[in-house]
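Structure file my_file24.txt with compact mmCIF, C-alpha atoms:
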```txt
# COMPACT_ATOMS: atom_id res chain seq x y z
CA MET A 1 152.36 24.76 -94.85
CA ASP A 2 148.88 25.82 -95.97
CA LEU A 3 145.88 25.64 -93.69
CA GLN A 4 144.22 22.77 -95.51
CA LYS A 5 147.33 20.58 -95.31
CA GLU A 6 147.75 21.53 -91.68
CA GLN A 7 144.20 20.54 -90.83
CA LEU A 8 144.50 17.32 -92.78
CA LEU A 9 147.66 16.42 -90.93
CA ALA A 10 146.09 17.29 -87.57
CA ILE A 11 143.11 15.05 -88.33
CA ARG A 12 145.37 12.16 -89.34
CA VAL A 13 147.49 12.56 -86.22
CA ARG A 14 144.41 12.60 -84.00
CA GLU A 15 142.99 9.57 -85.79
CA ARG A 16 146.25 7.74 -85.28
CA PHE A 17 146.18 8.53 -81.56
CA LEU A 18 142.58 7.36 -81.22
CA GLU A 19 143.52 4.19 -83.06
CA GLU A 20 146.30 3.69 -80.53
CA LEU A 21 143.78 4.12 -77.70
CA ARG A 22 141.51 1.53 -79.29
CA GLY A 23 144.51 -0.81 -79.19
CA VAL A 24 144.92 0.10 -75.54
CA ASN A 25 141.38 -1.12 -74.95
CA GLU A 26 142.39 -4.56 -76.14
CA THR A 27 145.00 -4.69 -73.37
CA GLY A 28 142.60 -3.26 -70.78
CA ALA A 29 139.83 -5.66 -71.72
CA ARG A 30 141.80 -8.51 -70.21
CA PHE A 31 141.45 -6.75 -66.86
CA GLY A 32 137.87 -5.61 -67.32
CA LEU A 33 138.87 -2.07 -68.22
CA ARG A 34 137.49 -0.20 -71.18
CA LEU A 35 137.67 3.37 -72.46
CA SER A 36 134.54 4.76 -74.08
CA GLU A 37 134.82 6.77 -77.33
CA GLN A 38 134.05 9.89 -75.26
CA GLY A 39 136.72 8.87 -72.75
CA MET A 40 139.24 8.46 -75.57
CA LEU A 41 138.50 11.96 -76.83
CA GLU A 42 138.92 13.32 -73.32
CA ILE A 43 142.23 11.53 -72.96
CA ALA A 44 143.35 12.88 -76.33
CA GLN A 45 142.53 16.39 -75.13
CA ALA A 46 144.14 15.82 -71.73
CA ARG A 47 147.31 14.54 -73.36
CA THR A 48 147.54 17.54 -75.69
CA ARG A 49 146.87 19.90 -72.77
CA ALA A 50 149.50 18.16 -70.61
CA LEU A 51 152.07 18.30 -73.41
CA VAL A 52 151.45 22.01 -73.97
CA ASP A 53 151.35 22.82 -70.24
CA HIS A 54 154.56 20.94 -69.51
CA GLY A 55 156.34 22.11 -72.67
CA ARG A 56 156.78 18.76 -74.33
CA VAL A 57 156.35 17.38 -77.84
CA GLU A 58 155.23 13.85 -78.58
CA LEU A 59 154.91 12.61 -82.14
CA GLY A 60 154.13 9.07 -83.12
CA GLU A 61 153.52 6.54 -80.38
CA SER A 62 152.25 8.15 -77.18
CA ALA A 63 153.13 7.36 -73.59
CA VAL A 64 149.46 6.70 -72.83
CA ARG A 65 149.77 3.16 -74.05
CA ARG A 66 152.77 2.57 -71.79
CA ILE A 67 150.90 4.09 -68.84
CA VAL A 68 147.95 1.77 -69.44
CA ASP A 69 150.28 -1.20 -69.81
CA GLY A 70 151.94 -0.22 -66.54
CA PHE A 71 148.73 0.19 -64.55
CA CYS A 72 146.09 -2.05 -66.12
CA ASP A 73 146.88 -5.04 -63.90
CA SER A 74 146.55 -2.98 -60.73
CA PRO A 75 143.98 -4.59 -58.43
CA TYR A 76 142.93 -1.11 -57.32
CA LEU A 77 142.00 0.08 -60.79
CA LEU A 78 138.28 -0.28 -61.36
CA GLN A 79 136.24 0.36 -64.46
CA GLU A 80 134.22 3.17 -62.83
CA ASP A 81 137.41 5.17 -62.04
CA TYR A 82 139.41 4.04 -65.03
CA GLU A 83 139.02 7.10 -67.29
CA ALA A 84 139.35 9.63 -64.49
CA THR A 85 142.44 7.88 -63.11
CA LEU A 86 144.02 7.69 -66.53
CA LEU A 87 143.47 11.42 -67.06
CA GLU A 88 145.23 12.15 -63.77
CA LEU A 89 148.08 9.74 -64.49
CA VAL A 90 148.68 11.15 -67.98
CA ASP A 91 149.04 14.67 -66.63
CA ALA A 92 151.26 13.54 -63.74
CA PHE A 93 153.40 11.48 -66.10
CA TYR A 94 154.32 14.46 -68.31
CA TYR A 95 154.88 16.63 -65.24
CA PHE A 96 157.33 14.11 -63.73
CA LYS A 97 158.92 13.53 -67.12
CA ASN A 98 159.90 17.17 -67.26
CA GLU A 99 160.91 17.23 -63.62
CA CYS A 100 163.36 14.37 -64.05
CA GLY A 101 165.26 16.28 -66.76
CA GLU A 102 165.19 13.33 -69.14
CA GLN A 103 167.09 11.20 -66.62
CA LEU A 104 164.40 8.54 -66.37
CA THR A 105 163.02 6.50 -69.24
CA ASP A 106 159.25 6.32 -69.69
CA ASP A 107 159.19 2.78 -68.35
CA GLU A 108 161.27 3.65 -65.27
CA LEU A 109 159.01 6.57 -64.46
CA ILE A 110 155.83 4.55 -64.96
CA GLY A 111 157.34 1.80 -62.81
CA ALA A 112 158.01 4.31 -60.02
CA MET A 113 154.48 5.71 -60.30
CA ARG A 114 153.01 2.24 -60.16
CA GLU A 115 155.01 1.33 -57.06
CA ARG A 116 153.77 4.44 -55.32
CA ASP A 117 150.21 3.65 -56.39
CA ASP A 118 150.44 0.12 -55.03
CA ALA A 119 152.00 1.28 -51.77
CA TYR A 120 149.12 3.65 -51.16
CA ASP A 121 146.41 1.11 -52.02
CA GLY A 122 145.73 2.54 -55.45
CA SER A 123 145.54 6.14 -54.32
CA VAL A 124 146.14 8.17 -57.45
CA GLU A 125 146.36 11.28 -55.25
CA ALA A 126 149.42 9.74 -53.58
CA VAL A 127 151.03 9.39 -57.01
CA ILE A 128 150.22 12.82 -58.36
CA GLY A 129 150.77 14.54 -55.01
CA THR A 130 154.28 13.32 -54.42
CA SER A 131 157.57 14.79 -55.54
CA LEU A 132 159.85 13.23 -58.11
CA GLU A 133 162.48 12.73 -55.40
CA SER A 134 160.12 10.66 -53.25
CA LEU A 135 159.03 8.71 -56.27
CA CYS A 136 162.59 7.84 -57.24
CA ARG A 137 163.72 7.22 -53.67
CA ALA A 138 160.95 4.71 -53.23
CA ARG A 139 161.86 3.06 -56.51
CA ARG A 140 165.54 2.76 -55.59
CA PHE A 141 165.51 2.04 -51.89
CA GLY A 142 162.07 0.65 -51.26
CA LEU A 143 159.13 2.63 -50.04
CA GLU A 144 159.00 4.14 -46.59
CA GLU A 145 155.63 5.35 -45.41
CA GLU A 146 155.31 9.06 -45.94
CA ASP A 147 152.77 10.86 -43.87
CA ASP A 148 153.45 14.13 -45.54
CA TRP A 149 152.69 13.56 -49.17
CA GLU A 150 150.01 16.26 -48.97
CA GLU A 151 152.88 18.67 -48.27
CA ASP A 152 154.63 17.48 -51.40
CA ASP A 153 151.45 18.32 -53.22
CA ASP A 154 151.70 21.89 -51.95
CA GLU A 155 155.30 22.05 -53.08
CA ARG A 156 154.30 20.91 -56.53
CA ASP A 157 151.64 23.58 -56.71
CA ASP A 158 154.22 26.16 -55.71
CA GLU A 159 156.61 25.02 -58.42
CA GLN A 160 153.92 25.32 -61.04
CA MET B 1 145.16 25.63 -75.55
CA THR B 2 143.12 22.44 -75.76
CA ASN B 3 142.68 22.93 -79.47
CA VAL B 4 146.39 22.91 -80.19
CA THR B 5 146.97 20.29 -82.82
CA THR B 6 150.20 18.48 -83.44
CA SER B 7 150.83 20.13 -86.79
CA SER B 8 150.31 23.60 -85.43
CA GLU B 9 152.63 22.67 -82.58
CA LEU B 10 155.31 22.33 -85.24
CA ILE B 11 154.56 25.82 -86.48
CA VAL B 12 154.73 27.20 -82.96
CA LEU B 13 158.07 25.43 -82.57
CA ILE B 14 159.58 26.99 -85.65
CA PRO B 15 157.63 29.53 -87.66
CA GLU B 16 159.82 28.75 -90.69
CA THR B 17 158.05 25.39 -90.91
CA ARG B 18 155.20 27.31 -92.49
CA SER B 19 157.38 27.89 -95.56
CA TYR B 20 157.85 24.13 -95.89
CA SER B 21 154.75 23.66 -97.97
CA GLU B 22 155.64 20.70 -100.21
CA ASN B 23 154.60 17.91 -97.88
CA PRO B 24 154.07 18.70 -94.21
CA GLU B 25 153.29 15.09 -93.39
CA SER B 26 156.65 13.87 -94.65
CA LEU B 27 158.39 16.52 -92.53
CA PHE B 28 156.28 15.48 -89.57
CA LEU B 29 157.18 11.81 -90.06
CA LEU B 30 160.86 12.62 -90.42
CA LEU B 31 160.82 14.62 -87.19
CA GLU B 32 159.01 11.77 -85.50
CA GLU B 33 161.72 9.38 -86.65
CA ARG B 34 164.49 11.72 -85.49
CA ILE B 35 162.89 12.08 -82.05
CA ARG B 36 162.63 8.31 -81.79
CA ARG B 37 166.29 7.93 -82.72
CA TYR B 38 167.31 10.71 -80.37
CA THR B 39 165.58 9.17 -77.36
CA MET B 40 166.51 5.66 -78.51
CA GLY B 41 162.99 4.53 -77.64
CA ASP B 42 163.43 5.42 -73.97
CA SER B 43 160.96 8.24 -74.18
CA THR B 44 158.01 8.98 -76.43
CA SER B 45 158.21 12.72 -75.78
CA VAL B 46 160.91 15.38 -75.67
CA PRO B 47 160.96 18.95 -74.32
CA VAL B 48 159.80 21.58 -76.81
CA ASP B 49 163.30 23.00 -77.00
CA THR B 50 164.79 19.64 -78.03
CA ALA B 51 162.08 19.15 -80.65
CA ARG B 52 162.75 22.65 -81.97
CA ARG B 53 166.48 21.95 -82.26
CA LEU B 54 165.84 18.65 -84.04
CA LEU B 55 163.43 20.31 -86.45
CA GLU B 56 165.85 23.17 -87.11
CA SER B 57 168.50 20.60 -87.91
CA ILE B 58 166.22 18.83 -90.40
CA LEU B 59 165.32 22.09 -92.13
CA TYR B 60 168.97 23.15 -92.21
CA CYS B 61 170.09 19.84 -93.77
CA LEU B 62 167.32 20.05 -96.38
CA GLU B 63 168.48 23.56 -97.23
CA LEU B 64 172.10 22.40 -97.39
CA GLU B 65 171.12 19.61 -99.79
CA ARG B 66 169.16 22.05 -101.94
CA ARG B 67 172.21 24.30 -102.26
CA VAL B 68 174.60 21.51 -103.30
CA ARG B 69 172.16 19.67 -105.57
CA LYS B 70 173.08 19.81 -109.24
CA PRO B 71 170.53 21.78 -111.27
CA ASN B 72 169.51 18.84 -113.47
CA GLN B 73 169.47 16.34 -110.62
CA ALA B 74 166.09 14.80 -109.80
CA GLU B 75 164.63 15.47 -106.36
CA ASP B 76 164.62 12.51 -103.97
CA ASN B 77 162.18 11.96 -101.15
CA ILE B 78 162.60 14.04 -98.01
CA LYS B 79 164.49 11.36 -96.06
CA SER B 80 167.12 10.93 -98.79
CA ARG B 81 167.47 14.68 -99.21
CA TRP B 82 167.86 15.13 -95.47
CA GLN B 83 170.46 12.33 -95.38
CA LYS B 84 172.41 13.98 -98.21
CA GLY B 85 172.29 17.23 -96.25
CA VAL B 86 173.69 15.47 -93.18
CA ASP B 87 176.47 13.94 -95.29
CA GLU B 88 177.25 17.37 -96.69
CA ALA B 89 177.39 18.85 -93.17
CA LYS B 90 179.81 16.09 -92.15
CA ARG B 91 181.94 16.74 -95.23
CA ILE B 92 182.09 20.45 -94.39
CA ALA B 93 183.04 19.63 -90.79
CA LYS B 94 185.92 17.43 -92.04
CA ARG B 95 187.12 20.21 -94.32
CA ALA B 96 186.88 22.69 -91.43
CA LYS B 97 188.97 20.38 -89.26
CA LEU B 98 191.73 20.46 -91.87
CA LEU B 99 191.53 24.24 -91.88
CA LEU B 100 191.88 24.26 -88.09
CA LEU B 101 195.03 22.13 -88.31
CA GLN B 102 196.35 24.56 -90.90
CA ALA B 103 195.51 27.53 -88.66
CA GLN B 104 197.29 25.89 -85.73
CA ARG B 105 200.39 25.41 -87.89
CA THR B 106 200.39 28.90 -89.34
CA SER B 107 199.87 31.28 -86.45
CA PRO B 108 200.79 34.92 -87.02
CA PRO B 109 204.12 36.19 -85.60
CA LEU B 110 202.29 37.95 -82.77
CA THR B 111 199.08 36.71 -81.19
CA ASN B 112 196.85 37.93 -78.38
CA THR B 113 194.80 36.27 -75.65
CA ALA B 114 191.54 36.21 -77.66
CA TYR B 115 193.31 34.64 -80.64
CA CYS B 116 194.95 31.93 -78.53
CA ASP B 117 191.74 31.22 -76.59
CA THR B 118 189.85 30.85 -79.85
CA LEU B 119 192.33 28.38 -81.27
CA THR B 120 192.15 26.47 -78.00
CA ALA B 121 188.33 26.49 -78.00
CA LEU B 122 187.75 25.45 -81.61
CA PRO B 123 188.67 21.74 -81.23
CA ALA B 124 185.66 21.45 -78.89
CA PHE B 125 183.48 22.10 -81.93
CA PHE B 126 184.70 18.96 -83.65
CA ALA B 127 184.35 16.92 -80.49
CA GLY B 128 180.78 18.08 -79.91
CA TYR B 129 179.41 18.59 -83.42
CA ASP B 130 176.51 16.24 -84.12
CA ALA B 131 175.38 16.50 -87.75
CA ASP B 132 172.86 13.68 -87.34
CA PHE B 133 170.77 15.51 -84.78
CA PHE B 134 171.91 19.12 -84.43
CA ALA B 135 173.68 20.00 -87.67
CA GLN B 136 172.92 23.71 -87.30
CA GLU B 137 174.56 24.12 -83.90
CA ILE B 138 178.01 25.35 -82.95
CA PRO B 139 178.91 23.51 -79.75
CA CYS B 140 181.76 25.74 -78.67
CA SER B 141 182.30 29.35 -77.77
CA PHE B 142 185.03 31.63 -79.07
CA ASP B 143 185.40 35.35 -79.28
CA TYR B 144 188.30 36.42 -81.51
CA PRO B 145 186.89 39.22 -83.67
CA LEU B 146 187.64 38.81 -87.35
CA CYS B 147 188.17 41.88 -89.48
CA GLN B 148 185.39 40.75 -91.84
CA PRO B 149 183.02 38.70 -89.68
CA VAL B 150 181.31 35.54 -90.84
CA SER B 151 177.72 35.98 -91.96
CA ASP B 152 175.16 35.17 -89.28
CA ALA B 153 173.21 33.31 -91.95
CA LEU B 154 175.80 30.51 -91.82
CA LEU B 155 175.24 27.77 -89.27
CA GLY B 156 177.00 24.72 -87.87
CA ALA B 157 180.11 23.48 -89.65
CA GLU B 158 179.59 26.00 -92.44
CA TYR B 159 180.08 28.84 -89.95
CA ILE B 160 183.24 27.30 -88.50
CA LYS B 161 184.66 26.58 -91.94
CA ASP B 162 184.09 30.14 -93.09
CA PHE B 163 185.51 31.50 -89.82
CA LEU B 164 188.69 29.47 -90.31
CA ARG B 165 188.98 30.41 -93.98
CA ARG B 166 188.91 34.06 -92.98
CA LEU B 167 191.30 33.51 -90.08
CA LEU B 168 193.76 31.77 -92.41
CA ALA B 169 193.58 34.65 -94.88
CA GLU B 170 194.35 37.07 -92.05
CA ASN B 171 197.21 34.86 -90.85
CA THR B 172 198.68 34.73 -94.35
CA LEU B 173 198.97 38.50 -94.51
CA LEU B 174 200.31 38.83 -90.95
CA ARG B 175 202.99 36.21 -91.56
CA ALA B 176 204.45 38.44 -94.26
CA PHE B 177 205.64 40.90 -91.59
CA ALA B 178 208.37 40.76 -88.99
CA PRO B 179 207.18 40.50 -85.35
CA GLU B 180 208.89 43.76 -84.37
CA THR B 181 207.19 45.59 -87.23
CA LEU B 182 203.80 44.35 -86.09
CA LEU B 183 204.59 45.12 -82.45
CA ALA B 184 205.47 48.72 -83.31
CA LEU B 185 202.23 49.06 -85.28
CA TYR B 186 200.02 47.50 -82.59
CA GLU B 187 201.53 49.72 -79.92
CA LYS B 188 200.47 52.77 -81.93
CA TYR B 189 197.08 51.34 -82.85
CA TYR B 190 195.85 49.67 -79.65
CA ILE B 191 196.34 50.45 -75.97
CA ASP B 192 196.93 46.81 -75.15
CA TYR B 193 196.78 44.55 -78.18
CA ALA B 194 197.67 41.45 -76.16
CA ASP B 195 194.75 41.50 -73.76
CA LEU B 196 192.08 43.53 -75.51
CA LEU B 197 189.51 41.82 -77.70
CA VAL B 198 191.00 43.24 -80.92
CA ASN B 199 191.70 42.01 -84.42
CA LEU B 200 195.37 41.67 -85.34
CA TYR B 201 194.96 41.77 -89.10
CA LEU B 202 193.09 45.06 -89.41
CA PRO B 203 195.91 47.52 -88.53
CA ALA B 204 198.42 45.61 -90.65
CA ALA B 205 196.15 45.40 -93.69
CA GLU B 206 195.15 49.05 -93.51
CA MET B 207 198.69 50.27 -93.06
CA ALA B 208 199.90 48.01 -95.88
CA VAL B 209 197.32 49.54 -98.22
CA LEU B 210 198.23 53.07 -97.15
CA CYS B 211 201.96 52.34 -97.59
CA ALA B 212 201.28 51.02 -101.10
CA LEU B 213 199.22 54.12 -101.82
CA SER B 214 202.02 56.45 -100.80
CA ALA B 215 204.69 54.34 -102.51
CA ALA B 216 206.41 53.62 -99.18
CA PRO B 217 207.81 50.12 -98.45
CA VAL B 218 204.85 47.95 -97.45
CA CYS B 219 206.89 45.62 -95.23
CA ALA B 220 207.81 48.57 -92.96
CA LEU B 221 204.16 49.28 -92.09
CA SER B 222 205.02 52.82 -91.16
CA LEU B 223 204.11 56.27 -92.45
CA THR B 224 204.88 59.68 -91.05
CA PRO B 225 201.97 61.90 -89.94
CA GLU B 226 202.67 64.11 -92.97
CA GLN B 227 202.40 61.16 -95.36
CA LEU B 228 199.13 60.11 -93.72
CA ALA B 229 197.72 63.63 -93.97
CA SER B 230 198.70 63.85 -97.60
CA LEU B 231 197.07 60.49 -98.38
CA ASN B 232 193.91 61.54 -96.63
CA LYS B 233 193.82 64.74 -98.65
CA LYS B 234 194.45 62.84 -101.86
CA LEU B 235 191.63 60.34 -101.24
CA LEU B 236 189.18 63.05 -100.30
CA SER B 237 189.96 65.27 -103.25
CA ILE B 238 188.93 62.71 -105.89
CA SER B 239 185.48 61.32 -106.67
CA GLY B 240 184.10 58.35 -104.71
CA ALA B 241 184.43 55.95 -107.64
CA GLU B 242 187.97 57.10 -108.33
CA ALA B 243 188.94 56.79 -104.66
CA LEU B 244 187.47 53.28 -104.57
CA GLN B 245 189.46 52.21 -107.60
CA THR B 246 192.63 53.80 -106.19
CA ILE B 247 192.36 52.08 -102.83
CA GLU B 248 191.52 48.69 -104.38
CA ASP B 249 194.54 48.99 -106.66
CA ALA B 250 196.66 49.87 -103.62
CA ALA B 251 195.41 46.73 -101.82
CA GLU B 252 196.39 44.64 -104.82
CA SER B 253 199.85 46.17 -105.13
CA ALA B 254 200.45 45.79 -101.37
CA LEU B 255 199.81 42.06 -101.67
CA LEU B 256 201.97 41.87 -104.78
CA GLU B 257 204.84 43.61 -103.00
CA LEU B 258 204.54 41.18 -100.08
CA GLY B 259 204.59 38.26 -102.52
CA LEU B 260 201.11 37.13 -101.56
CA SER B 261 198.44 35.82 -103.88
CA GLY B 262 195.09 34.07 -103.73
CA ASP B 263 191.67 35.24 -104.80
CA PHE B 264 190.15 35.05 -101.34
CA LEU B 265 192.98 36.95 -99.64
CA CYS B 266 192.84 39.56 -102.40
CA ALA B 267 189.06 40.01 -102.07
CA TYR B 268 189.34 40.07 -98.26
CA THR B 269 192.04 42.74 -98.29
CA LYS B 270 190.18 44.81 -100.88
CA GLN B 271 187.08 44.74 -98.68
CA THR B 272 189.18 45.91 -95.74
CA ALA B 273 190.54 48.72 -97.92
CA ARG B 274 187.03 49.73 -98.99
CA ASP B 275 185.94 49.84 -95.35
CA LEU B 276 188.93 52.05 -94.59
CA LEU B 277 187.91 54.42 -97.36
CA VAL B 278 184.36 54.62 -96.00
CA ARG B 279 185.75 55.55 -92.58
CA LEU B 280 188.12 58.13 -94.03
CA ARG B 281 185.37 59.80 -96.04
CA ALA B 282 182.95 59.68 -93.10
CA SER B 283 185.49 61.45 -90.88
CA ASP B 284 185.96 64.28 -93.41
CA PRO B 285 184.48 67.38 -91.77
CA ALA B 286 183.67 68.87 -95.21
```
With the file now loaded, output its structure as structure tokens.
Amino acid sequence: MDLQKEQLLAIRVRERFLEELRGVNETGARFGLRLSEQGMLEIAQARTRALVDHGRVELGESAVRRIVDGFCDSPYLLQEDYEATLLELVDAFYYFKNECGEQLTDDELIGAMRERDDAYDGSVEAVIGTSLESLCRARRFGLEEEDDWEEDDDERDDEQ
Amino acid sequence: MTNVTTSSELIVLIPETRSYSENPESLFLLLEERIRRYTMGDSTSVPVDTARRLLESILYCLELERRVRKPNQAEDNIKSRWQKGVDEAKRIAKRAKLLLLQAQRTSPPLTNTAYCDTLTALPAFFAGYDADFFAQEIPCSFDYPLCQPVSDALLGAEYIKDFLRRLLAENTLLRAFAPETLLALYEKYYIDYADLLVNLYLPAAEMAVLCALSAAPVCALSLTPEQLASLNKKLLSISGAEALQTIEDAAESALLELGLSGDFLCAYTKQTARDLLVRLRASDPA
């Protein structure tokens, strides 16, 4: 694969992803949420970084669209935090995806993340700071208040 | 790492991708399609290792198709070529399964633990082989050492088919001898032929060649120390080319005397004889 072809392919792939994000904006617009062009580029970078960091490959349709679909109707999601929240959720999504050993589908995982988010009044820290076990337990058996999710956060840091 | 692009991810996954220069985008799209099929839409991403295995399978099937394509046949698009490669891998797996059945029916008169374990393990290959996604993989583990091992360049069903072809050739020769003859030979050759990880064909083939060389009955598989010393002397006293010809002729006449034929068996036994000659000449102190 020569360098020129490689670069051409990379540009087309990136363009396709940005196009997907523009489509995401159409969904978000119904809830007053919009990604700026700069925000889209940041999300594209964050997604690539998350995929590399968590050792995953994603070609074609990305999970970002599904994440937006899963969270855009959250009453806690506001335009001013939208891009920052999405960046956090994208990274957490790929982390949990690896953690679950391919046992959860994208939609199941996003559903579990959303339930956690709702239970903690839209606290994205509660979603990214929890463990996969807590996330799944809450999804299966209903959520019990956890006072110690900060500890889970520490555990996650240790694992990384 | 933020600058890692998707196409260079592919190259990191498998450096051989770099040699696939004809149309990287078509390869990329095919991999994308295979990942989608593999996850059945449940997941948009897969671990790097899974993507690497899927990509290796695509490249292997394309290579398989290239090898079986007729010289004057026009090249199809990548998807059709990959599909033909998958079909070819499945055809080879079917052929290998027939060889396994044949091997199970034609065991040698004496076997050992490694041999039996291997024949027990091989059916797992056919149960687990997945040409659509992982055509290059060998989903079973076996350890019987062949006299002439299969090339590491072979993968998937091709490897298993070649392994069984070689095993059958070895079985054919061993079945020409009585169990007690083989037992006597193994007891001299190995400390514990039954439990050690040793090849059963090698001692029989070598002794058969040496018997033919000294005009002793091949089916007896036995030579006195004096006969062996004399043979050694004879092989070392002539030129390398002459010795090679002599030992190859002996391999051929041993097979003839045992009433065995077949190009592959003949070539296999001749190679074993050539290896024996190399060892004999290497052990010559002069």
Check your understanding: If we count all atoms listed in the file, what is near Glu80 in chain A at a cut-off of 12 Å, once residues fewer than 4 positions away on the same chain are taken out, given as a list of chain:residue names?
Key ->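 Everything that qualifies: A:Gly32, A:Leu33, A:Arg34, A:Leu35, A:Ser36, A:Gly39, A:Tyr76, A:Ala84, A:Thr85, A:Leu86.
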Check your understanding: Once you count only C-alpha atoms, which residues of chain A turn out to be within 9 Å of chain B? Could you give them as a VMD selection string?
Key -> chain A and resid 1 to 2 5 to 7 9 to 11 13 to 14 45 to 46 48 to 49 51 to 63 94 97 to 98 102 104 to 107
Do a neighbour search on Thr269 in chain B at 8 Å with all atoms listed in the file, toss out local chain neighbours closer than 3 positions, and write the hits as a tab-separated table (two decimals) with C-alpha atoms, in the frame of the given file.
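Contents of the output file result.tsv:
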```tsv
chain	number	residue	atom	x	y	z
B	205	ALA	CA	196.15	45.40	-93.69
B	251	ALA	CA	195.41	46.73	-101.82
B	265	LEU	CA	192.98	36.95	-99.64
B	266	CYS	CA	192.84	39.56	-102.40
B	272	THR	CA	189.18	45.91	-95.74
B	273	ALA	CA	190.54	48.72	-97.92
```
Review point. For Ala121 in chain B, which residue among B:Ser222, B:Ser141, B:Gln271, B:Ser151 is the nearest when counting only C-alpha atoms?
Key: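 Using only C-alpha atoms, the shortest distance to Ala121 in chain B belongs to B:Ser141.
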Exercise for review: Write out as a ChimeraX atom specification each polymer residue whose atoms come within 10 Å of Asp69 in chain A, counting all atoms listed in the file; drop sequence neighbours fewer than 2 positions from it.
Suggested key: /A:24,27-28,63-67,71-74,107,110
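The space separating CA of Asn77 in chain B from CA of Ala93 in chain B comes to 24.5 Å.
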Point to revise | Residue nearest Ala124 in chain B among B:Ala178, B:Pro139, B:Tyr186, B:Ile191 (counting all atoms listed in the file) | key: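 Checking each candidate against Ala124 in chain B, we get B:Pro139 as the closest.
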Practice item. Quick one: pull the distance between CA of Ala96 in chain B and CA of Leu200 in chain B, Å, one decimal. Key: 21.7 Å
Revision key, fill the gap. Among B:Leu236, B:Thr246, B:Asp152, B:Ile58, Ala212 in chain B is approached most closely, using all atoms listed in the file, by B:Thr246
